[in-house]
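**Q** To be precise about what I am sending: the file is called upload-v4.tsv and holds TSV, C-alpha atoms.
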chain	number	residue	atom	x	y	z
W	1	MET	CA	5.70	-14.73	6.86
W	2	LYS	CA	3.20	-15.78	4.20
W	3	SER	CA	3.18	-14.39	0.67
W	4	LYS	CA	-0.04	-12.45	1.35
W	5	GLN	CA	1.67	-10.59	4.19
W	6	ILE	CA	4.65	-9.78	1.97
W	7	PHE	CA	2.20	-8.48	-0.61
W	8	GLN	CA	0.65	-6.13	1.95
W	9	LEU	CA	4.04	-4.99	3.21
W	10	ILE	CA	5.28	-3.96	-0.24
W	11	ILE	CA	2.40	-1.71	-0.87
W	12	GLY	CA	2.35	-0.49	2.65
W	13	CYS	CA	5.75	0.87	2.03
W	14	PHE	CA	4.78	1.94	-1.68
W	15	MET	CA	-8.29	1.37	-9.34
W	16	LEU	CA	-9.69	-0.77	-11.49
W	17	ILE	CA	-13.31	0.42	-12.16
W	18	ASN	CA	-13.69	4.21	-11.91
W	19	PHE	CA	-10.37	5.89	-12.57
W	20	PRO	CA	-9.83	9.48	-11.43
W	21	ALA	CA	-10.57	12.01	-14.13
W	22	TYR	CA	-6.95	13.10	-14.30
W	23	ALA	CA	-5.56	9.59	-14.79
W	24	ALA	CA	-3.22	9.03	-17.70
W	25	ALA	CA	-1.03	6.07	-18.50
W	26	PRO	CA	2.73	6.66	-18.22
W	27	GLU	CA	4.78	5.57	-21.21
W	28	ALA	CA	6.34	2.12	-20.79
W	29	LYS	CA	9.93	3.37	-20.58
W	30	GLU	CA	8.97	6.10	-18.13
W	31	ALA	CA	7.07	3.61	-15.94
W	32	MET	CA	10.03	1.22	-15.90
W	33	THR	CA	12.47	3.99	-14.99
W	34	TRP	CA	10.16	5.27	-12.23
W	35	SER	CA	9.70	1.76	-10.81
W	36	GLU	CA	13.44	1.08	-10.84
W	37	ASP	CA	14.17	4.34	-9.04
W	38	LYS	CA	11.46	4.03	-6.39
W	39	GLY	CA	12.14	0.33	-5.84
W	40	ASN	CA	15.80	1.03	-5.11
W	41	LEU	CA	14.81	3.92	-2.85
W	42	LEU	CA	12.50	1.61	-0.88
W	43	LEU	CA	15.20	-1.04	-0.44
W	44	GLN	CA	17.65	1.64	0.63
W	45	THR	CA	15.17	2.87	3.24
W	46	PHE	CA	14.83	-0.64	4.65
W	47	GLN	CA	18.53	-0.48	5.51
W	48	GLU	CA	18.04	2.51	7.82
W	49	LYS	CA	19.06	1.42	11.33
W	50	ASN	CA	17.11	4.00	13.32
W	51	LEU	CA	13.48	2.87	13.49
W	52	ALA	CA	12.05	6.37	13.93
W	53	GLU	CA	13.98	7.60	10.91
W	54	LYS	CA	12.91	4.53	8.95
W	55	TYR	CA	9.24	5.22	9.76
W	56	LYS	CA	9.67	8.85	8.68
W	57	LYS	CA	11.24	7.94	5.34
W	58	LEU	CA	8.70	5.20	4.62
W	59	ASP	CA	5.83	7.57	5.43
W	60	GLU	CA	7.26	10.06	2.94
W	61	LEU	CA	7.50	7.36	0.26
W	62	PHE	CA	3.93	6.32	0.93
W	63	LEU	CA	2.53	9.86	0.78
W	64	ASN	CA	4.54	10.86	-2.28
W	65	TYR	CA	4.13	7.77	-4.44
W	66	VAL	CA	0.84	6.06	-3.51
W	67	ASP	CA	-2.47	7.67	-4.53
W	68	LEU	CA	-4.20	7.43	-1.17
W	69	GLY	CA	-7.02	9.78	-2.18
W	70	TYR	CA	-8.08	7.57	-5.05
W	71	ILE	CA	-7.57	4.32	-3.17
W	72	SER	CA	-9.57	5.52	-0.16
W	73	LYS	CA	-12.57	6.27	-2.38
W	74	PHE	CA	-12.27	3.02	-4.30
W	75	VAL	CA	-12.13	0.98	-1.11
W	76	MET	CA	-15.45	2.46	0.04
W	77	GLY	CA	-17.09	1.93	-3.36
W	78	LYS	CA	-20.83	2.50	-3.26
W	79	TYR	CA	-20.69	3.56	0.38
W	80	TRP	CA	-18.65	6.66	-0.48
W	81	ARG	CA	-21.80	8.33	-1.84
W	82	GLU	CA	-23.72	7.48	1.31
W	83	MET	CA	-21.44	9.62	3.48
W	84	SER	CA	-22.00	13.32	4.00
W	85	PRO	CA	-19.20	15.69	2.89
W	86	GLU	CA	-18.15	15.97	6.54
W	87	GLN	CA	-18.05	12.19	6.90
W	88	GLN	CA	-16.07	11.85	3.67
W	89	GLU	CA	-13.48	14.30	4.98
W	90	GLN	CA	-13.30	12.46	8.30
W	91	TYR	CA	-12.98	9.12	6.54
W	92	GLN	CA	-10.18	10.23	4.22
W	93	ASP	CA	-8.20	11.60	7.16
W	94	LEU	CA	-8.67	8.29	8.98
W	95	PHE	CA	-7.71	6.30	5.89
W	96	LYS	CA	-4.48	8.25	5.53
W	97	ARG	CA	-3.63	7.59	9.18
W	98	TYR	CA	-4.59	3.94	8.73
W	99	ALA	CA	-2.38	3.52	5.65
W	100	LEU	CA	0.60	5.02	7.47
W	101	ALA	CA	-0.01	2.89	10.57
W	102	VAL	CA	-0.83	-0.56	9.25
W	103	TYR	CA	2.46	-1.22	7.44
W	104	LYS	CA	4.40	-0.62	10.65
W	105	GLY	CA	2.96	-3.84	12.04
W	106	PHE	CA	5.11	-5.87	9.63
W	107	PRO	CA	8.82	-6.64	10.04
W	108	LEU	CA	10.86	-3.88	8.46
W	109	THR	CA	14.34	-5.19	9.22
W	110	PHE	CA	15.79	-8.01	7.15
W	111	ASN	CA	18.72	-10.37	7.69
W	112	TYR	CA	19.42	-10.81	3.98
W	113	PRO	CA	19.20	-8.44	1.00
W	114	ILE	CA	15.90	-8.22	-0.86
W	115	THR	CA	16.25	-7.59	-4.59
W	116	PHE	CA	13.91	-7.06	-7.51
W	117	SER	CA	13.96	-7.13	-11.29
W	118	LEU	CA	11.61	-5.44	-13.73
W	119	ASN	CA	10.32	-7.60	-16.57
W	120	ASN	CA	8.19	-5.37	-18.78
W	121	ALA	CA	5.49	-2.70	-18.83
W	122	ILE	CA	2.13	-2.74	-20.59
W	123	VAL	CA	0.37	0.54	-21.32
W	124	SER	CA	-3.44	0.59	-21.17
W	125	GLN	CA	-5.87	3.46	-21.67
W	126	ASN	CA	-5.87	4.74	-18.09
W	127	TYR	CA	-2.88	3.09	-16.43
W	128	THR	CA	0.36	1.24	-17.00
W	129	GLU	CA	1.13	-2.15	-15.49
W	130	VAL	CA	4.73	-2.86	-14.54
W	131	PHE	CA	5.59	-6.53	-14.11
W	132	ALA	CA	8.31	-7.29	-11.58
W	133	THR	CA	9.91	-10.21	-9.76
W	134	ILE	CA	10.90	-9.77	-6.12
W	135	ASP	CA	13.53	-12.04	-4.56
W	136	LEU	CA	12.94	-12.26	-0.81
W	137	GLY	CA	16.46	-13.55	-0.27
W	138	GLY	CA	15.48	-16.12	2.34
W	139	ASN	CA	14.14	-13.55	4.80
W	140	PHE	CA	10.67	-15.08	4.97
W	141	GLN	CA	11.44	-18.73	4.35
W	142	GLU	CA	9.05	-20.79	6.50
W	143	LYS	CA	10.26	-24.18	5.32
W	144	GLU	CA	13.01	-25.68	3.25
W	145	ASN	CA	12.85	-25.16	-0.53
W	146	GLN	CA	10.05	-22.60	-0.20
W	147	PRO	CA	9.98	-20.33	-3.28
W	148	GLN	CA	11.57	-16.97	-2.57
W	149	LYS	CA	10.74	-15.22	-5.81
W	150	ILE	CA	7.29	-13.69	-6.22
W	151	ASN	CA	5.74	-12.02	-9.26
W	152	VAL	CA	4.13	-8.65	-8.67
W	153	ILE	CA	2.25	-6.21	-10.90
W	154	PHE	CA	2.28	-2.50	-10.05
W	155	LYS	CA	-0.46	-0.37	-11.55
W	156	LEU	CA	0.63	3.23	-12.19
W	157	VAL	CA	-1.13	6.43	-13.26
W	158	LYS	CA	0.26	9.84	-14.12
W	159	ASN	CA	-1.03	13.29	-13.19
W	160	GLY	CA	1.05	16.02	-14.75
W	161	ASN	CA	4.62	15.04	-13.92
W	162	ASP	CA	3.64	12.87	-10.95
W	163	ILE	CA	3.42	9.09	-11.20
W	164	LYS	CA	1.72	7.15	-8.42
W	165	ILE	CA	0.75	3.60	-7.54
W	166	ILE	CA	-2.97	2.83	-7.47
W	167	ASP	CA	-2.88	-0.94	-7.06
W	168	LEU	CA	-0.67	-3.96	-6.55
W	169	THR	CA	-1.47	-7.45	-7.77
W	170	LEU	CA	0.05	-10.69	-6.53
W	171	ALA	CA	-1.06	-14.09	-7.81
W	172	GLU	CA	-4.04	-12.46	-9.55
W	173	SER	CA	-5.15	-10.92	-6.24
W	174	SER	CA	-5.64	-7.15	-6.15
W	175	LEU	CA	-4.70	-5.41	-2.91
W	176	ILE	CA	-7.34	-2.71	-3.23
W	177	LEU	CA	-10.06	-5.26	-3.94
W	178	SER	CA	-9.08	-7.23	-0.86
W	179	TYR	CA	-9.28	-4.03	1.19
W	180	ARG	CA	-12.65	-3.18	-0.34
W	181	ASN	CA	-13.97	-6.59	0.76
W	182	ARG	CA	-12.69	-5.94	4.28
W	183	PHE	CA	-14.27	-2.48	4.48
W	184	TYR	CA	-17.58	-3.72	3.05
W	185	GLN	CA	-17.64	-6.33	5.79
W	186	MET	CA	-17.05	-3.64	8.41
W	187	VAL	CA	-19.94	-1.57	7.03
W	188	ALA	CA	-22.18	-4.63	7.02
W	189	GLU	CA	-21.30	-5.36	10.64
W	190	ASP	CA	-22.33	-1.77	11.44
W	191	GLU	CA	-25.66	-2.32	9.64
W	192	GLY	CA	-24.74	0.20	6.96
W	193	ASP	CA	-24.61	3.10	9.41
W	194	MET	CA	-21.74	5.37	8.30
W	195	SER	CA	-21.48	7.03	11.73
W	196	TRP	CA	-20.97	3.67	13.41
W	197	PHE	CA	-18.51	2.64	10.74
W	198	LEU	CA	-16.43	5.78	11.22
W	199	GLU	CA	-16.42	5.29	14.99
W	200	ASP	CA	-15.21	1.72	14.62
W	201	PHE	CA	-12.66	2.72	11.99
W	202	GLU	CA	-11.27	5.43	14.25
W	203	THR	CA	-10.95	2.90	17.08
W	204	ILE	CA	-8.94	0.59	14.81
W	205	VAL	CA	-6.69	3.42	13.62
W	206	THR	CA	-6.08	4.78	17.11
W	207	SER	CA	-5.28	1.32	18.47
W	208	THR	CA	-2.83	0.61	15.64
W	209	GLU	CA	-1.10	3.95	16.13
W	210	LYS	CA	-0.78	3.27	19.88
W	211	THR	CA	0.82	-0.12	19.20
W	212	ASN	CA	3.29	1.50	16.82
W	213	ARG	CA	4.23	4.15	19.37
W	214	GLN	CA	4.85	1.47	21.97
W	215	LYS	CA	7.06	-0.46	19.56
W	216	LEU	CA	9.04	2.68	18.80
W	217	GLU	CA	9.48	3.49	22.49
W	218	GLU	CA	10.70	-0.05	23.20
W	219	ASN	CA	13.14	0.20	20.30
W	220	GLN	CA	14.60	3.44	21.65
W	221	GLN	CA	15.19	2.10	25.16
Please render this file's structure as structure tokens.

**A**
Amino acid sequence: MKSKQIFQLIIGCFMLINFPAYAAAPEAKEAMTWSEDKGNLLLQTFQEKNLAEKYKKLDELFLNYVDLGYISKFVMGKYWREMSPEQQEQYQDLFKRYALAVYKGFPLTFNYPITFSLNNAIVSQNYTEVFATIDLGGNFQEKENQPQKINVIFKLVKNGNDIKIIDLTLAESSLILSYRNRFYQMVAEDEGDMSWFLEDFETIVTSTEKTNRQKLEENQQ
């Protein structure tokens, strides 16, 4: 599996221009403690043998610790304002389903332990960046001597007592920006028509969910 796919998997299991009004930057120590705790929880969940239970636990992690509302709006960018309130509601429901479905297409069982280490945290005005190194442990080695350690930056915001992830950066590539490019392309292919876009998006989501159900049924046989 390529590094880009690993990058997508990590965030699938866990915004740069217009931050939500509530956004505050967690203190560095708090951000490091939060990242350590949630990282260990994620790795522990990967060890779950029952696939249905693993999906359930990963979904809970995603919903509790990733700011899907903010990310969904950021991904749409300028097109968010072109949707009616009803379309915005429909889109956000679809995006939530999409986020919970897409990560299930990646391998979630590993032959060797995956570990991580936290390096430091930098506090900015609206967010805190936590710098980490993830050791893939040979699980995704495609050829001999391929590097197994990857550097990742988690971007965190705080709302009250809740800390959530709003972006993940690998090799200077932002996950949410890559998704924005993908969604902009979809809108362009639909000639800017939000109704067509939502129809196509729902087709993608429904198809992905169906594939996941089939995988789960095969696993339980």

**Q** Give me the residues within 9 Å of range 34-47 of chain W as a list in words, counting only C-alpha atoms and dropping any in the same chain fewer than 2 places off.

**A**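 Using only C-alpha atoms, the neighbours found are Cys13, Phe14, Lys29, Glu30, Ala31, Met32, Lys49, Lys54, Lys57, Leu58, Leu61, Tyr65, Leu108, Thr109, Phe110, Pro113, Ile114, Thr115, Phe116, Ser117, Leu118, Val130, Phe154 and Ile163 of chain W.
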
**Q** Kindly indicate which residue among W:Leu63, W:Gln87, W:Gly138, W:Val75 lies nearest to Tyr184 in chain W, using only C-alpha atoms for the distances.

**A**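 That would be W:Val75, the residue with the smallest distance to Tyr184 in chain W.
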
**Q** Between CA of Met83 in chain W and CA of Ser195 in chain W, measure the distance and give it in Å to one decimal.

**A**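 Atom-to-atom, CA of Met83 in chain W and CA of Ser195 in chain W are spaced 8.6 Å apart.
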
**Q** Kindly indicate which residue among W:Val66, W:Leu198, W:Val157, W:Ala132 lies nearest to Thr169 in chain W, using only C-alpha atoms for the distances.

**A**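 Between W:Val66, W:Leu198, W:Val157, W:Ala132, the residue approaching Thr169 in chain W most closely is W:Ala132.
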
**Q** For Tyr98 in chain W, list every protein, DNA or RNA residue within 10 Å, evaluated using all atoms listed in the file, and leave out those in the same chain fewer than 2 positions away; present the list as a PyMOL selection string.

**A** chain W and resi 92-96+100-103+201-202+204-206+208-209

**Q** Using only C-alpha atoms, find the one residue out of W:Lys78, W:Lys215, W:Lys155, W:Arg97 that sits nearest to Ala121 in chain W.

**A**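 Going through W:Lys78, W:Lys215, W:Lys155, W:Arg97 one by one, the smallest distance to Ala121 in chain W is for W:Lys155.
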
**Q** Smallest atom-to-atom distance to Trp80 in chain W: which of W:Phe197, W:Ile134, W:Leu175, W:Ile165, using only C-alpha atoms?

**A**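 The closest residue to Trp80 in chain W is W:Phe197.
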
**Q** Just how far from CA of Asp162 in chain W is CA of Glu60 in chain W, in Å to one decimal?

**A**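 Rounded to one decimal, the two atoms are 14.6 Å apart.
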
**Q** My list of candidates is W:Ala24, W:Gly105, W:Phe131, W:Asp167. Which is closest to Tyr179 in chain W when distances are computed with all atoms listed in the file?

**A** W:Asp167

**Q** Set the distance at 8 Å and use only C-alpha atoms: which residues neighbour Leu170 in chain W once local chain neighbours fewer than 2 positions away are removed? I'd like the list as a ChimeraX atom specification.

**A** /W:7,150-153,168,172-175

**Q** Enter the distance from CA of Arg182 in chain W to CA of Glu129 in chain W, in Å, rounded to one decimal.

**A**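 Calculated distance between CA of Arg182 in chain W and CA of Glu129 in chain W is 24.4 Å.
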
**Q** Any idea what's packed within 12 Å of Tyr79 in chain W, counting only C-alpha atoms, ignoring anything in its chain fewer than 2 positions away? Could you give it as a list in words?

**A** Ser72, Lys73, Phe74, Val75, Met76, Gly77, Arg81, Glu82, Met83, Ser84, Gln87, Gln88, Tyr91, Arg180, Phe183, Tyr184, Gln185, Met186, Val187, Ala188, Gly192, Asp193, Met194, Ser195, Phe197 and Leu198 of chain W

**Q** Just checking: using all atoms listed in the file, which residue out of W:Ser124, W:Leu156, W:Gln148, W:Leu51 ends up closest to Leu136 in chain W?

**A**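 Selected residue with least distance to Leu136 in chain W: W:Gln148.
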